[in-house]
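Trainee: First the structure, which I've put down as structure tokens, then a few questions once you've had a look.
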Amino acid sequence: MDWNRYRFRSVWELPAPPGAVYAVLERAEEYPRWWPQVRSVTPLNGSATSGDAVFRSFLPYELHVTARETRRDPAAGILEIAMTGDLEGWARWTLTPLPGGGTRAAYDQEVEVAKPLMRRFAVAGRPVFLANHAWMMRGGRRGLAAHLRPA
């Protein structure tokens with residue numbers, strides 16, 4: 001087993017139609033407004049398709065990545081990025097309508113940790129790193145659900 005590789009899947013049920021959810025998710029530079037663990041997203045060279053992002057969950061370190069869009073397909077409800085930096089790999093949102101309204105947002109991610117501190121503690125820290133990621137995803141789900149609710 002490669003202790004520095006991670007595969008994640010989170011599924012969120014959200015109170016808005018897929019088009020509305022997609023419209024929020026495709027604006028990554030606005031994630032810090034509703035996702036507390038996304039500290040910043042800065043577009044590169046004014047681009048809407050690549051940027052630098054900083055994440056911090058409950059552990060006392062930040063992850064810095066550069067993300068580059070690899071797929072934007074509103075008709076299929078798919079947004080996908082490639083990441084380099086402290087995490088190397090990819091992430092994808094797949095949106096589908098829920099029966100009776102709302103959206104099922106599946107977030108899939110496959111990454112290899114490049115951050116030296118995390119690599120050094122790969123075996124002993126893995127359960128804590130997994131919990132850190134789960135906490136971040138719960139914060140994102142709560143934040144996005146609240147953001148999508150009508151005022």
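Quick note on naming: the chains in the structure tokens go A, B, ... in the order shown, residues restart at 1 in each chain, and ligands are numbered from 1 in order of appearance.
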Any chance you could list, as a VMD selection string, the residues in stretch 71-140 of chain A that come up strand (DSSP E or B) when DSSP is run on the backbone?

Mentor: chain A and resid 71 to 73 78 to 85 87 to 97 103 to 113

Trainee: Produce a file of the selected residues containing C-alpha atoms, as an mmCIF file, in the first residue's frame.

Mentor:
data_model
loop_
_atom_site.group_PDB
_atom_site.id
_atom_site.type_symbol
_atom_site.label_atom_id
_atom_site.label_comp_id
_atom_site.auth_asym_id
_atom_site.auth_seq_id
_atom_site.Cartn_x
_atom_site.Cartn_y
_atom_site.Cartn_z
ATOM 1 C CA ARG A 71 -13.364 19.275 -17.845
ATOM 2 C CA ARG A 72 -16.328 21.654 -17.683
ATOM 3 C CA ASP A 73 -19.535 20.033 -18.919
ATOM 4 C CA ILE A 78 -19.354 17.541 -14.424
ATOM 5 C CA LEU A 79 -16.530 19.782 -13.261
ATOM 6 C CA GLU A 80 -13.023 18.311 -13.059
ATOM 7 C CA ILE A 81 -9.598 19.676 -12.150
ATOM 8 C CA ALA A 82 -5.993 18.507 -12.081
ATOM 9 C CA MET A 83 -3.979 19.528 -9.001
ATOM 10 C CA THR A 84 -0.285 20.073 -8.369
ATOM 11 C CA GLY A 85 1.518 21.276 -5.280
ATOM 12 C CA LEU A 87 -1.469 17.384 -3.447
ATOM 13 C CA GLU A 88 -0.905 15.850 -6.892
ATOM 14 C CA GLY A 89 -3.886 14.348 -8.677
ATOM 15 C CA TRP A 90 -7.431 15.226 -9.640
ATOM 16 C CA ALA A 91 -10.890 16.029 -8.281
ATOM 17 C CA ARG A 92 -14.324 15.886 -9.905
ATOM 18 C CA TRP A 93 -17.848 17.020 -9.105
ATOM 19 C CA THR A 94 -20.688 15.042 -10.715
ATOM 20 C CA LEU A 95 -24.190 16.454 -10.259
ATOM 21 C CA THR A 96 -27.434 14.573 -10.784
ATOM 22 C CA PRO A 97 -31.031 15.505 -9.958
ATOM 23 C CA THR A 103 -29.225 17.644 -6.329
ATOM 24 C CA ARG A 104 -26.941 14.748 -5.561
ATOM 25 C CA ALA A 105 -23.383 16.132 -5.730
ATOM 26 C CA ALA A 106 -20.710 13.429 -5.829
ATOM 27 C CA TYR A 107 -17.159 14.587 -5.152
ATOM 28 C CA ASP A 108 -14.403 12.190 -6.181
ATOM 29 C CA GLN A 109 -10.739 12.837 -5.590
ATOM 30 C CA GLU A 110 -7.544 10.846 -6.145
ATOM 31 C CA VAL A 111 -4.343 12.431 -4.896
ATOM 32 C CA GLU A 112 -0.840 11.705 -3.779
ATOM 33 C CA VAL A 113 0.479 13.786 -0.905
#

Trainee: Would you give me, as JSON lines, each residue of stretch 54-91 of chain A having an atom within 7 Å of an atom of stretch 22-38 of chain A, along with its shortest atom pair and that distance in Å to one decimal, using only C-alpha atoms and sorting by chain and residue number?

Mentor:
{"residue": "A:Val54", "atom": "CA", "partner": "A:Val38", "partner_atom": "CA", "distance": 6.2}
{"residue": "A:Phe55", "atom": "CA", "partner": "A:Val38", "partner_atom": "CA", "distance": 4.6}
{"residue": "A:Arg56", "atom": "CA", "partner": "A:Gln37", "partner_atom": "CA", "distance": 5.1}
{"residue": "A:Ser57", "atom": "CA", "partner": "A:Gln37", "partner_atom": "CA", "distance": 5.2}
{"residue": "A:Gly77", "atom": "CA", "partner": "A:Tyr22", "partner_atom": "CA", "distance": 6.8}

Trainee: Neighbouring residues of A:Leu98 were defined as those with any atom within 10 Å, considering only C-alpha atoms; residues of the same chain fewer than 4 positions away were excluded. Please report them as a ChimeraX atom specification.

Mentor: /A:13-18,102-105

Trainee: For all heavy atoms, I'd like the residues from the last selection saved as a PDB file, in the first residue's frame.

Mentor:
ATOM      1  N   GLU A  13     -26.369  15.670  -0.587  1.00  0.00           N
ATOM      2  CA  GLU A  13     -27.715  15.968  -1.084  1.00  0.00           C
ATOM      3  C   GLU A  13     -27.980  17.427  -0.788  1.00  0.00           C
ATOM      4  O   GLU A  13     -27.877  17.859   0.368  1.00  0.00           O
ATOM      5  CB  GLU A  13     -28.745  15.051  -0.434  1.00  0.00           C
ATOM      6  CG  GLU A  13     -28.587  13.618  -0.903  1.00  0.00           C
ATOM      7  CD  GLU A  13     -29.741  12.719  -0.490  1.00  0.00           C
ATOM      8  OE1 GLU A  13     -30.703  13.196   0.159  1.00  0.00           O
ATOM      9  OE2 GLU A  13     -29.664  11.531  -0.833  1.00  0.00           O
ATOM     10  N   LEU A  14     -28.297  18.185  -1.825  1.00  0.00           N
ATOM     11  CA  LEU A  14     -28.406  19.638  -1.708  1.00  0.00           C
ATOM     12  C   LEU A  14     -29.799  20.125  -2.107  1.00  0.00           C
ATOM     13  O   LEU A  14     -30.429  19.543  -3.001  1.00  0.00           O
ATOM     14  CB  LEU A  14     -27.338  20.299  -2.578  1.00  0.00           C
ATOM     15  CG  LEU A  14     -25.904  19.932  -2.176  1.00  0.00           C
ATOM     16  CD1 LEU A  14     -24.923  20.278  -3.280  1.00  0.00           C
ATOM     17  CD2 LEU A  14     -25.533  20.626  -0.876  1.00  0.00           C
ATOM     18  N   PRO A  15     -30.270  21.218  -1.482  1.00  0.00           N
ATOM     19  CA  PRO A  15     -31.641  21.697  -1.672  1.00  0.00           C
ATOM     20  C   PRO A  15     -31.831  22.638  -2.846  1.00  0.00           C
ATOM     21  O   PRO A  15     -32.539  23.640  -2.739  1.00  0.00           O
ATOM     22  CB  PRO A  15     -31.901  22.430  -0.341  1.00  0.00           C
ATOM     23  CG  PRO A  15     -30.577  23.044  -0.021  1.00  0.00           C
ATOM     24  CD  PRO A  15     -29.562  21.999  -0.458  1.00  0.00           C
ATOM     25  N   ALA A  16     -31.208  22.346  -3.970  1.00  0.00           N
ATOM     26  CA  ALA A  16     -31.346  23.196  -5.154  1.00  0.00           C
ATOM     27  C   ALA A  16     -31.194  22.314  -6.385  1.00  0.00           C
ATOM     28  O   ALA A  16     -30.579  21.248  -6.319  1.00  0.00           O
ATOM     29  CB  ALA A  16     -30.284  24.290  -5.144  1.00  0.00           C
ATOM     30  N   PRO A  17     -31.735  22.772  -7.524  1.00  0.00           N
ATOM     31  CA  PRO A  17     -31.600  21.980  -8.752  1.00  0.00           C
ATOM     32  C   PRO A  17     -30.147  21.941  -9.243  1.00  0.00           C
ATOM     33  O   PRO A  17     -29.349  22.825  -8.907  1.00  0.00           O
ATOM     34  CB  PRO A  17     -32.512  22.701  -9.752  1.00  0.00           C
ATOM     35  CG  PRO A  17     -32.697  24.068  -9.214  1.00  0.00           C
ATOM     36  CD  PRO A  17     -32.523  23.992  -7.727  1.00  0.00           C
ATOM     37  N   PRO A  18     -29.803  20.924 -10.036  1.00  0.00           N
ATOM     38  CA  PRO A  18     -28.418  20.782 -10.507  1.00  0.00           C
ATOM     39  C   PRO A  18     -27.847  22.032 -11.164  1.00  0.00           C
ATOM     40  O   PRO A  18     -26.675  22.365 -10.939  1.00  0.00           O
ATOM     41  CB  PRO A  18     -28.485  19.609 -11.485  1.00  0.00           C
ATOM     42  CG  PRO A  18     -29.626  18.787 -10.974  1.00  0.00           C
ATOM     43  CD  PRO A  18     -30.638  19.791 -10.469  1.00  0.00           C
ATOM     44  N   GLY A 102     -33.935  18.884  -5.841  1.00  0.00           N
ATOM     45  CA  GLY A 102     -32.617  18.896  -5.221  1.00  0.00           C
ATOM     46  C   GLY A 102     -31.572  18.232  -6.098  1.00  0.00           C
ATOM     47  O   GLY A 102     -31.853  17.792  -7.221  1.00  0.00           O
ATOM     48  N   THR A 103     -30.369  18.149  -5.573  1.00  0.00           N
ATOM     49  CA  THR A 103     -29.225  17.644  -6.329  1.00  0.00           C
ATOM     50  C   THR A 103     -28.399  16.688  -5.485  1.00  0.00           C
ATOM     51  O   THR A 103     -28.179  16.914  -4.301  1.00  0.00           O
ATOM     52  CB  THR A 103     -28.313  18.822  -6.766  1.00  0.00           C
ATOM     53  OG1 THR A 103     -29.069  19.704  -7.581  1.00  0.00           O
ATOM     54  CG2 THR A 103     -27.083  18.345  -7.521  1.00  0.00           C
ATOM     55  N   ARG A 104     -27.940  15.645  -6.138  1.00  0.00           N
ATOM     56  CA  ARG A 104     -26.941  14.748  -5.561  1.00  0.00           C
ATOM     57  C   ARG A 104     -25.614  15.189  -6.160  1.00  0.00           C
ATOM     58  O   ARG A 104     -25.416  15.134  -7.378  1.00  0.00           O
ATOM     59  CB  ARG A 104     -27.240  13.304  -5.939  1.00  0.00           C
ATOM     60  CG  ARG A 104     -26.200  12.318  -5.451  1.00  0.00           C
ATOM     61  CD  ARG A 104     -26.562  10.913  -5.987  1.00  0.00           C
ATOM     62  NE  ARG A 104     -25.668   9.919  -5.470  1.00  0.00           N
ATOM     63  CZ  ARG A 104     -24.565   9.506  -6.084  1.00  0.00           C
ATOM     64  NH1 ARG A 104     -24.209  10.012  -7.254  1.00  0.00           N
ATOM     65  NH2 ARG A 104     -23.816   8.574  -5.538  1.00  0.00           N
ATOM     66  N   ALA A 105     -24.702  15.677  -5.291  1.00  0.00           N
ATOM     67  CA  ALA A 105     -23.383  16.132  -5.730  1.00  0.00           C
ATOM     68  C   ALA A 105     -22.354  15.121  -5.245  1.00  0.00           C
ATOM     69  O   ALA A 105     -22.144  14.975  -4.045  1.00  0.00           O
ATOM     70  CB  ALA A 105     -23.086  17.515  -5.165  1.00  0.00           C
TER      71      ALA A 105
END

Trainee: For A:Met118, please output as number ranges by chain all residues within 12 Å (counting only C-alpha atoms; exclusion window: fewer than 5 positions along the same chain).

Mentor: A: 3-5, 59-63, 86-87, 112-113, 123-130

Trainee: Just N, CA, C and O atoms for this one: save the residues we selected as a PDB file, in the first residue's frame.

Mentor:
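As a result, part30.pdb now contains:
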ATOM      1  N   TRP A   3       1.109   4.671   1.277  1.00  0.00           N
ATOM      2  CA  TRP A   3       0.497   5.425   2.361  1.00  0.00           C
ATOM      3  C   TRP A   3       0.309   6.894   2.028  1.00  0.00           C
ATOM      4  O   TRP A   3      -0.356   7.618   2.775  1.00  0.00           O
ATOM      5  N   ASN A   4       0.865   7.356   0.917  1.00  0.00           N
ATOM      6  CA  ASN A   4       0.732   8.757   0.516  1.00  0.00           C
ATOM      7  C   ASN A   4      -0.332   8.974  -0.555  1.00  0.00           C
ATOM      8  O   ASN A   4      -0.507  10.087  -1.018  1.00  0.00           O
ATOM      9  N   ARG A   5      -1.022   7.910  -0.931  1.00  0.00           N
ATOM     10  CA  ARG A   5      -2.082   8.027  -1.938  1.00  0.00           C
ATOM     11  C   ARG A   5      -3.432   7.939  -1.235  1.00  0.00           C
ATOM     12  O   ARG A   5      -3.627   7.134  -0.337  1.00  0.00           O
ATOM     13  N   LEU A  59      -6.484  20.408  11.441  1.00  0.00           N
ATOM     14  CA  LEU A  59      -5.068  20.216  11.755  1.00  0.00           C
ATOM     15  C   LEU A  59      -4.296  21.517  11.502  1.00  0.00           C
ATOM     16  O   LEU A  59      -4.678  22.300  10.627  1.00  0.00           O
ATOM     17  N   PRO A  60      -3.215  21.762  12.234  1.00  0.00           N
ATOM     18  CA  PRO A  60      -2.505  23.052  12.147  1.00  0.00           C
ATOM     19  C   PRO A  60      -1.526  23.146  10.972  1.00  0.00           C
ATOM     20  O   PRO A  60      -0.345  23.430  11.152  1.00  0.00           O
ATOM     21  N   TYR A  61      -2.007  22.887   9.775  1.00  0.00           N
ATOM     22  CA  TYR A  61      -1.193  23.101   8.581  1.00  0.00           C
ATOM     23  C   TYR A  61      -2.112  23.441   7.424  1.00  0.00           C
ATOM     24  O   TYR A  61      -3.299  23.136   7.431  1.00  0.00           O
ATOM     25  N   GLU A  62      -1.543  24.105   6.434  1.00  0.00           N
ATOM     26  CA  GLU A  62      -2.282  24.445   5.221  1.00  0.00           C
ATOM     27  C   GLU A  62      -1.783  23.580   4.071  1.00  0.00           C
ATOM     28  O   GLU A  62      -0.621  23.174   4.053  1.00  0.00           O
ATOM     29  N   LEU A  63      -2.667  23.337   3.129  1.00  0.00           N
ATOM     30  CA  LEU A  63      -2.298  22.693   1.873  1.00  0.00           C
ATOM     31  C   LEU A  63      -2.429  23.732   0.766  1.00  0.00           C
ATOM     32  O   LEU A  63      -3.438  24.439   0.680  1.00  0.00           O
ATOM     33  N   ASP A  86       1.005  20.659  -2.979  1.00  0.00           N
ATOM     34  CA  ASP A  86       1.008  19.775  -1.818  1.00  0.00           C
ATOM     35  C   ASP A  86       0.212  18.503  -2.065  1.00  0.00           C
ATOM     36  O   ASP A  86       0.434  17.488  -1.403  1.00  0.00           O
ATOM     37  N   LEU A  87      -0.710  18.560  -2.992  1.00  0.00           N
ATOM     38  CA  LEU A  87      -1.469  17.384  -3.447  1.00  0.00           C
ATOM     39  C   LEU A  87      -1.323  17.286  -4.947  1.00  0.00           C
ATOM     40  O   LEU A  87      -1.492  18.278  -5.658  1.00  0.00           O
ATOM     41  N   GLU A 112      -2.018  12.155  -4.499  1.00  0.00           N
ATOM     42  CA  GLU A 112      -0.840  11.705  -3.779  1.00  0.00           C
ATOM     43  C   GLU A 112      -0.325  12.916  -3.013  1.00  0.00           C
ATOM     44  O   GLU A 112      -0.233  14.022  -3.561  1.00  0.00           O
ATOM     45  N   VAL A 113      -0.014  12.713  -1.747  1.00  0.00           N
ATOM     46  CA  VAL A 113       0.479  13.786  -0.905  1.00  0.00           C
ATOM     47  C   VAL A 113       1.928  14.091  -1.272  1.00  0.00           C
ATOM     48  O   VAL A 113       2.763  13.188  -1.331  1.00  0.00           O
ATOM     49  N   VAL A 123       2.213   6.972   7.670  1.00  0.00           N
ATOM     50  CA  VAL A 123       1.597   5.793   8.290  1.00  0.00           C
ATOM     51  C   VAL A 123       0.879   6.176   9.579  1.00  0.00           C
ATOM     52  O   VAL A 123      -0.311   5.937   9.734  1.00  0.00           O
ATOM     53  N   ALA A 124       1.588   6.783  10.498  1.00  0.00           N
ATOM     54  CA  ALA A 124       0.995   7.122  11.796  1.00  0.00           C
ATOM     55  C   ALA A 124      -0.101   8.175  11.667  1.00  0.00           C
ATOM     56  O   ALA A 124      -1.090   8.147  12.400  1.00  0.00           O
ATOM     57  N   GLY A 125       0.055   9.092  10.721  1.00  0.00           N
ATOM     58  CA  GLY A 125      -0.906  10.187  10.590  1.00  0.00           C
ATOM     59  C   GLY A 125      -2.105   9.899   9.716  1.00  0.00           C
ATOM     60  O   GLY A 125      -3.077  10.664   9.718  1.00  0.00           O
ATOM     61  N   ARG A 126      -2.087   8.794   8.979  1.00  0.00           N
ATOM     62  CA  ARG A 126      -3.154   8.533   8.012  1.00  0.00           C
ATOM     63  C   ARG A 126      -4.561   8.629   8.613  1.00  0.00           C
ATOM     64  O   ARG A 126      -5.427   9.285   8.030  1.00  0.00           O
ATOM     65  N   PRO A 127      -4.850   7.993   9.760  1.00  0.00           N
ATOM     66  CA  PRO A 127      -6.213   8.108  10.309  1.00  0.00           C
ATOM     67  C   PRO A 127      -6.601   9.558  10.621  1.00  0.00           C
ATOM     68  O   PRO A 127      -7.735   9.960  10.403  1.00  0.00           O
ATOM     69  N   VAL A 128      -5.629  10.341  11.077  1.00  0.00           N
ATOM     70  CA  VAL A 128      -5.905  11.743  11.388  1.00  0.00           C
ATOM     71  C   VAL A 128      -6.100  12.543  10.101  1.00  0.00           C
ATOM     72  O   VAL A 128      -6.982  13.406  10.023  1.00  0.00           O
ATOM     73  N   PHE A 129      -5.300  12.257   9.080  1.00  0.00           N
ATOM     74  CA  PHE A 129      -5.462  12.943   7.799  1.00  0.00           C
ATOM     75  C   PHE A 129      -6.829  12.633   7.189  1.00  0.00           C
ATOM     76  O   PHE A 129      -7.485  13.511   6.618  1.00  0.00           O
ATOM     77  N   LEU A 130      -7.268  11.382   7.307  1.00  0.00           N
ATOM     78  CA  LEU A 130      -8.590  11.007   6.798  1.00  0.00           C
ATOM     79  C   LEU A 130      -9.692  11.735   7.565  1.00  0.00           C
ATOM     80  O   LEU A 130     -10.657  12.229   6.964  1.00  0.00           O
TER      81      LEU A 130
END

Trainee: State, in Å with one decimal place, the distance from atom CA of A:Gly46 to atom CA of A:Met136.

Mentor: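 Atom CA of A:Met136 lies 27.2 Å from atom CA of A:Gly46.
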
Trainee: DSSP says helix (DSSP H, G or I) for which residues of stretch 21-116 of chain A? Put them as a list of chain:residue names?

Mentor: A:Val21, A:Tyr22, A:Ala23, A:Val24, A:Leu25, A:Ala28, A:Glu29, A:Glu30, A:Tyr31, A:Pro32, A:Arg33, A:Trp34, A:Pro116

Trainee: Convert the current residue selection to file output with all heavy atoms, as a CSV table (one decimal), in the first residue's frame.

Mentor:
chain,number,residue,atom,x,y,z
A,21,VAL,N,-26.7,24.5,-8.5
A,21,VAL,CA,-25.5,23.9,-7.8
A,21,VAL,C,-24.3,24.1,-8.7
A,21,VAL,O,-23.2,24.5,-8.2
A,21,VAL,CB,-25.7,22.5,-7.3
A,21,VAL,CG1,-24.5,21.9,-6.7
A,21,VAL,CG2,-26.9,22.4,-6.4
A,22,TYR,N,-24.5,23.7,-9.9
A,22,TYR,CA,-23.3,23.8,-10.9
A,22,TYR,C,-22.9,25.3,-11.0
A,22,TYR,O,-21.6,25.5,-11.0
A,22,TYR,CB,-23.8,23.3,-12.3
A,22,TYR,CG,-22.7,23.1,-13.2
A,22,TYR,CD1,-22.1,21.8,-13.4
A,22,TYR,CD2,-22.2,24.1,-14.0
A,22,TYR,CE1,-21.1,21.6,-14.2
A,22,TYR,CE2,-21.1,23.9,-14.9
A,22,TYR,CZ,-20.6,22.7,-15.0
A,22,TYR,OH,-19.5,22.4,-15.9
A,23,ALA,N,-23.8,26.2,-11.0
A,23,ALA,CA,-23.4,27.6,-11.1
A,23,ALA,C,-22.6,28.1,-10.0
A,23,ALA,O,-21.7,28.9,-10.1
A,23,ALA,CB,-24.7,28.5,-11.3
A,24,VAL,N,-22.8,27.5,-8.8
A,24,VAL,CA,-22.0,27.9,-7.6
A,24,VAL,C,-20.7,27.2,-7.7
A,24,VAL,O,-19.6,27.8,-7.5
A,24,VAL,CB,-22.7,27.5,-6.3
A,24,VAL,CG1,-21.8,27.7,-5.1
A,24,VAL,CG2,-24.0,28.4,-6.2
A,25,LEU,N,-20.7,25.9,-8.0
A,25,LEU,CA,-19.4,25.1,-8.0
A,25,LEU,C,-18.4,25.5,-9.1
A,25,LEU,O,-17.2,25.4,-8.9
A,25,LEU,CB,-19.7,23.6,-8.1
A,25,LEU,CG,-20.4,23.0,-6.9
A,25,LEU,CD1,-20.8,21.5,-7.2
A,25,LEU,CD2,-19.6,23.1,-5.6
A,28,ALA,N,-15.0,28.7,-8.5
A,28,ALA,CA,-14.1,28.2,-7.4
A,28,ALA,C,-13.6,29.4,-6.6
A,28,ALA,O,-13.4,29.3,-5.4
A,28,ALA,CB,-13.0,27.4,-8.0
A,29,GLU,N,-13.4,30.6,-7.3
A,29,GLU,CA,-12.8,31.7,-6.5
A,29,GLU,C,-13.8,32.2,-5.4
A,29,GLU,O,-13.4,32.9,-4.5
A,29,GLU,CB,-12.5,32.8,-7.5
A,29,GLU,CG,-13.7,33.5,-8.1
A,29,GLU,CD,-14.3,32.8,-9.3
A,29,GLU,OE1,-13.8,31.7,-9.7
A,29,GLU,OE2,-15.3,33.4,-9.9
A,30,GLU,N,-15.0,31.8,-5.5
A,30,GLU,CA,-16.0,32.1,-4.4
A,30,GLU,C,-16.2,31.1,-3.4
A,30,GLU,O,-16.9,31.3,-2.4
A,30,GLU,CB,-17.4,32.5,-5.1
A,30,GLU,CG,-17.3,33.7,-6.0
A,30,GLU,CD,-18.6,34.1,-6.6
A,30,GLU,OE1,-19.6,33.6,-6.2
A,30,GLU,OE2,-18.5,34.9,-7.6
A,31,TYR,N,-15.5,29.9,-3.5
A,31,TYR,CA,-15.6,28.9,-2.4
A,31,TYR,C,-15.4,29.4,-1.0
A,31,TYR,O,-16.1,29.0,-0.1
A,31,TYR,CB,-14.7,27.7,-2.7
A,31,TYR,CG,-15.1,26.7,-3.8
A,31,TYR,CD1,-16.0,27.1,-4.8
A,31,TYR,CD2,-14.7,25.4,-3.8
A,31,TYR,CE1,-16.4,26.2,-5.8
A,31,TYR,CE2,-15.1,24.5,-4.8
A,31,TYR,CZ,-15.9,24.9,-5.8
A,31,TYR,OH,-16.3,24.0,-6.8
A,32,PRO,N,-14.4,30.3,-0.8
A,32,PRO,CA,-14.1,30.7,0.6
A,32,PRO,C,-15.3,31.4,1.2
A,32,PRO,O,-15.4,31.5,2.4
A,32,PRO,CB,-13.0,31.7,0.5
A,32,PRO,CG,-12.2,31.2,-0.8
A,32,PRO,CD,-13.3,30.7,-1.7
A,33,ARG,N,-16.3,31.9,0.4
A,33,ARG,CA,-17.5,32.6,1.0
A,33,ARG,C,-18.4,31.6,1.7
A,33,ARG,O,-19.1,32.0,2.6
A,33,ARG,CB,-18.3,33.2,-0.2
A,33,ARG,CG,-17.6,34.4,-0.8
A,33,ARG,CD,-18.6,35.0,-1.8
A,33,ARG,NE,-18.0,36.2,-2.4
A,33,ARG,CZ,-18.5,36.9,-3.3
A,33,ARG,NH1,-19.7,36.6,-3.8
A,33,ARG,NH2,-17.9,38.0,-3.8
A,34,TRP,N,-18.4,30.3,1.2
A,34,TRP,CA,-19.3,29.4,1.8
A,34,TRP,C,-18.7,28.1,2.4
A,34,TRP,O,-19.3,27.4,3.1
A,34,TRP,CB,-20.4,29.0,0.8
A,34,TRP,CG,-20.0,28.5,-0.5
A,34,TRP,CD1,-19.8,29.2,-1.6
A,34,TRP,CD2,-19.6,27.1,-0.8
A,34,TRP,NE1,-19.4,28.4,-2.6
A,34,TRP,CE2,-19.2,27.1,-2.2
A,34,TRP,CE3,-19.6,25.9,-0.1
A,34,TRP,CZ2,-18.8,26.0,-2.9
A,34,TRP,CZ3,-19.2,24.8,-0.8
A,34,TRP,CH2,-18.8,24.8,-2.1
A,116,PRO,N,5.9,17.6,2.4
A,116,PRO,CA,6.9,16.8,3.2
A,116,PRO,C,6.5,16.4,4.6
A,116,PRO,O,6.7,15.2,5.0
A,116,PRO,CB,8.1,17.7,3.3
A,116,PRO,CG,8.0,18.6,2.0
A,116,PRO,CD,6.5,18.8,1.9

Trainee: What is the distance between atom CA of A:Trp135 and atom CA of A:Val11, in Å to one decimal?

Mentor: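 These atoms are spaced 13.7 Å apart.
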
Trainee: Tell me which of A:His133, A:Pro150, A:Arg141, A:Ala76 sits closest to A:Tyr6, counting only C-alpha atoms.

Mentor: A:His133

Trainee: Find, counting only C-alpha atoms, the residue in A:Ala114, A:Ala146, A:Met137, A:Ala75 that gets nearest to A:Gly19.

Mentor: A:Ala75

Trainee: Can you tell me, as an mmCIF file with N, CA, C and O atoms, in the first residue's frame, what residues are no more than 10 Å from A:Leu44 when counting only C-alpha atoms, ignoring any on the same chain fewer than 6 positions away?

Mentor:
data_model
loop_
_atom_site.group_PDB
_atom_site.id
_atom_site.type_symbol
_atom_site.label_atom_id
_atom_site.label_comp_id
_atom_site.auth_asym_id
_atom_site.auth_seq_id
_atom_site.Cartn_x
_atom_site.Cartn_y
_atom_site.Cartn_z
ATOM 1 N N SER A 50 -7.885 28.227 -14.092
ATOM 2 C CA SER A 50 -6.782 27.761 -13.248
ATOM 3 C C SER A 50 -6.565 28.755 -12.118
ATOM 4 O O SER A 50 -6.877 29.941 -12.239
ATOM 5 N N GLY A 51 -6.054 28.220 -11.004
ATOM 6 C CA GLY A 51 -5.821 29.104 -9.871
ATOM 7 C C GLY A 51 -5.074 28.401 -8.756
ATOM 8 O O GLY A 51 -4.885 27.180 -8.773
ATOM 9 N N ASP A 52 -4.641 29.202 -7.800
ATOM 10 C CA ASP A 52 -3.979 28.696 -6.602
ATOM 11 C C ASP A 52 -4.999 28.669 -5.474
ATOM 12 O O ASP A 52 -5.762 29.627 -5.301
ATOM 13 N N THR A 66 -2.169 24.170 -6.937
ATOM 14 C CA THR A 66 -2.536 24.869 -8.158
ATOM 15 C C THR A 66 -3.487 23.939 -8.899
ATOM 16 O O THR A 66 -3.163 22.769 -9.124
ATOM 17 N N ALA A 67 -4.651 24.469 -9.214
ATOM 18 C CA ALA A 67 -5.680 23.681 -9.894
ATOM 19 C C ALA A 67 -5.836 24.174 -11.327
ATOM 20 O O ALA A 67 -5.793 25.378 -11.585
ATOM 21 N N ARG A 68 -6.019 23.226 -12.221
ATOM 22 C CA ARG A 68 -6.233 23.539 -13.637
ATOM 23 C C ARG A 68 -7.451 22.751 -14.099
ATOM 24 O O ARG A 68 -7.519 21.536 -13.934
#
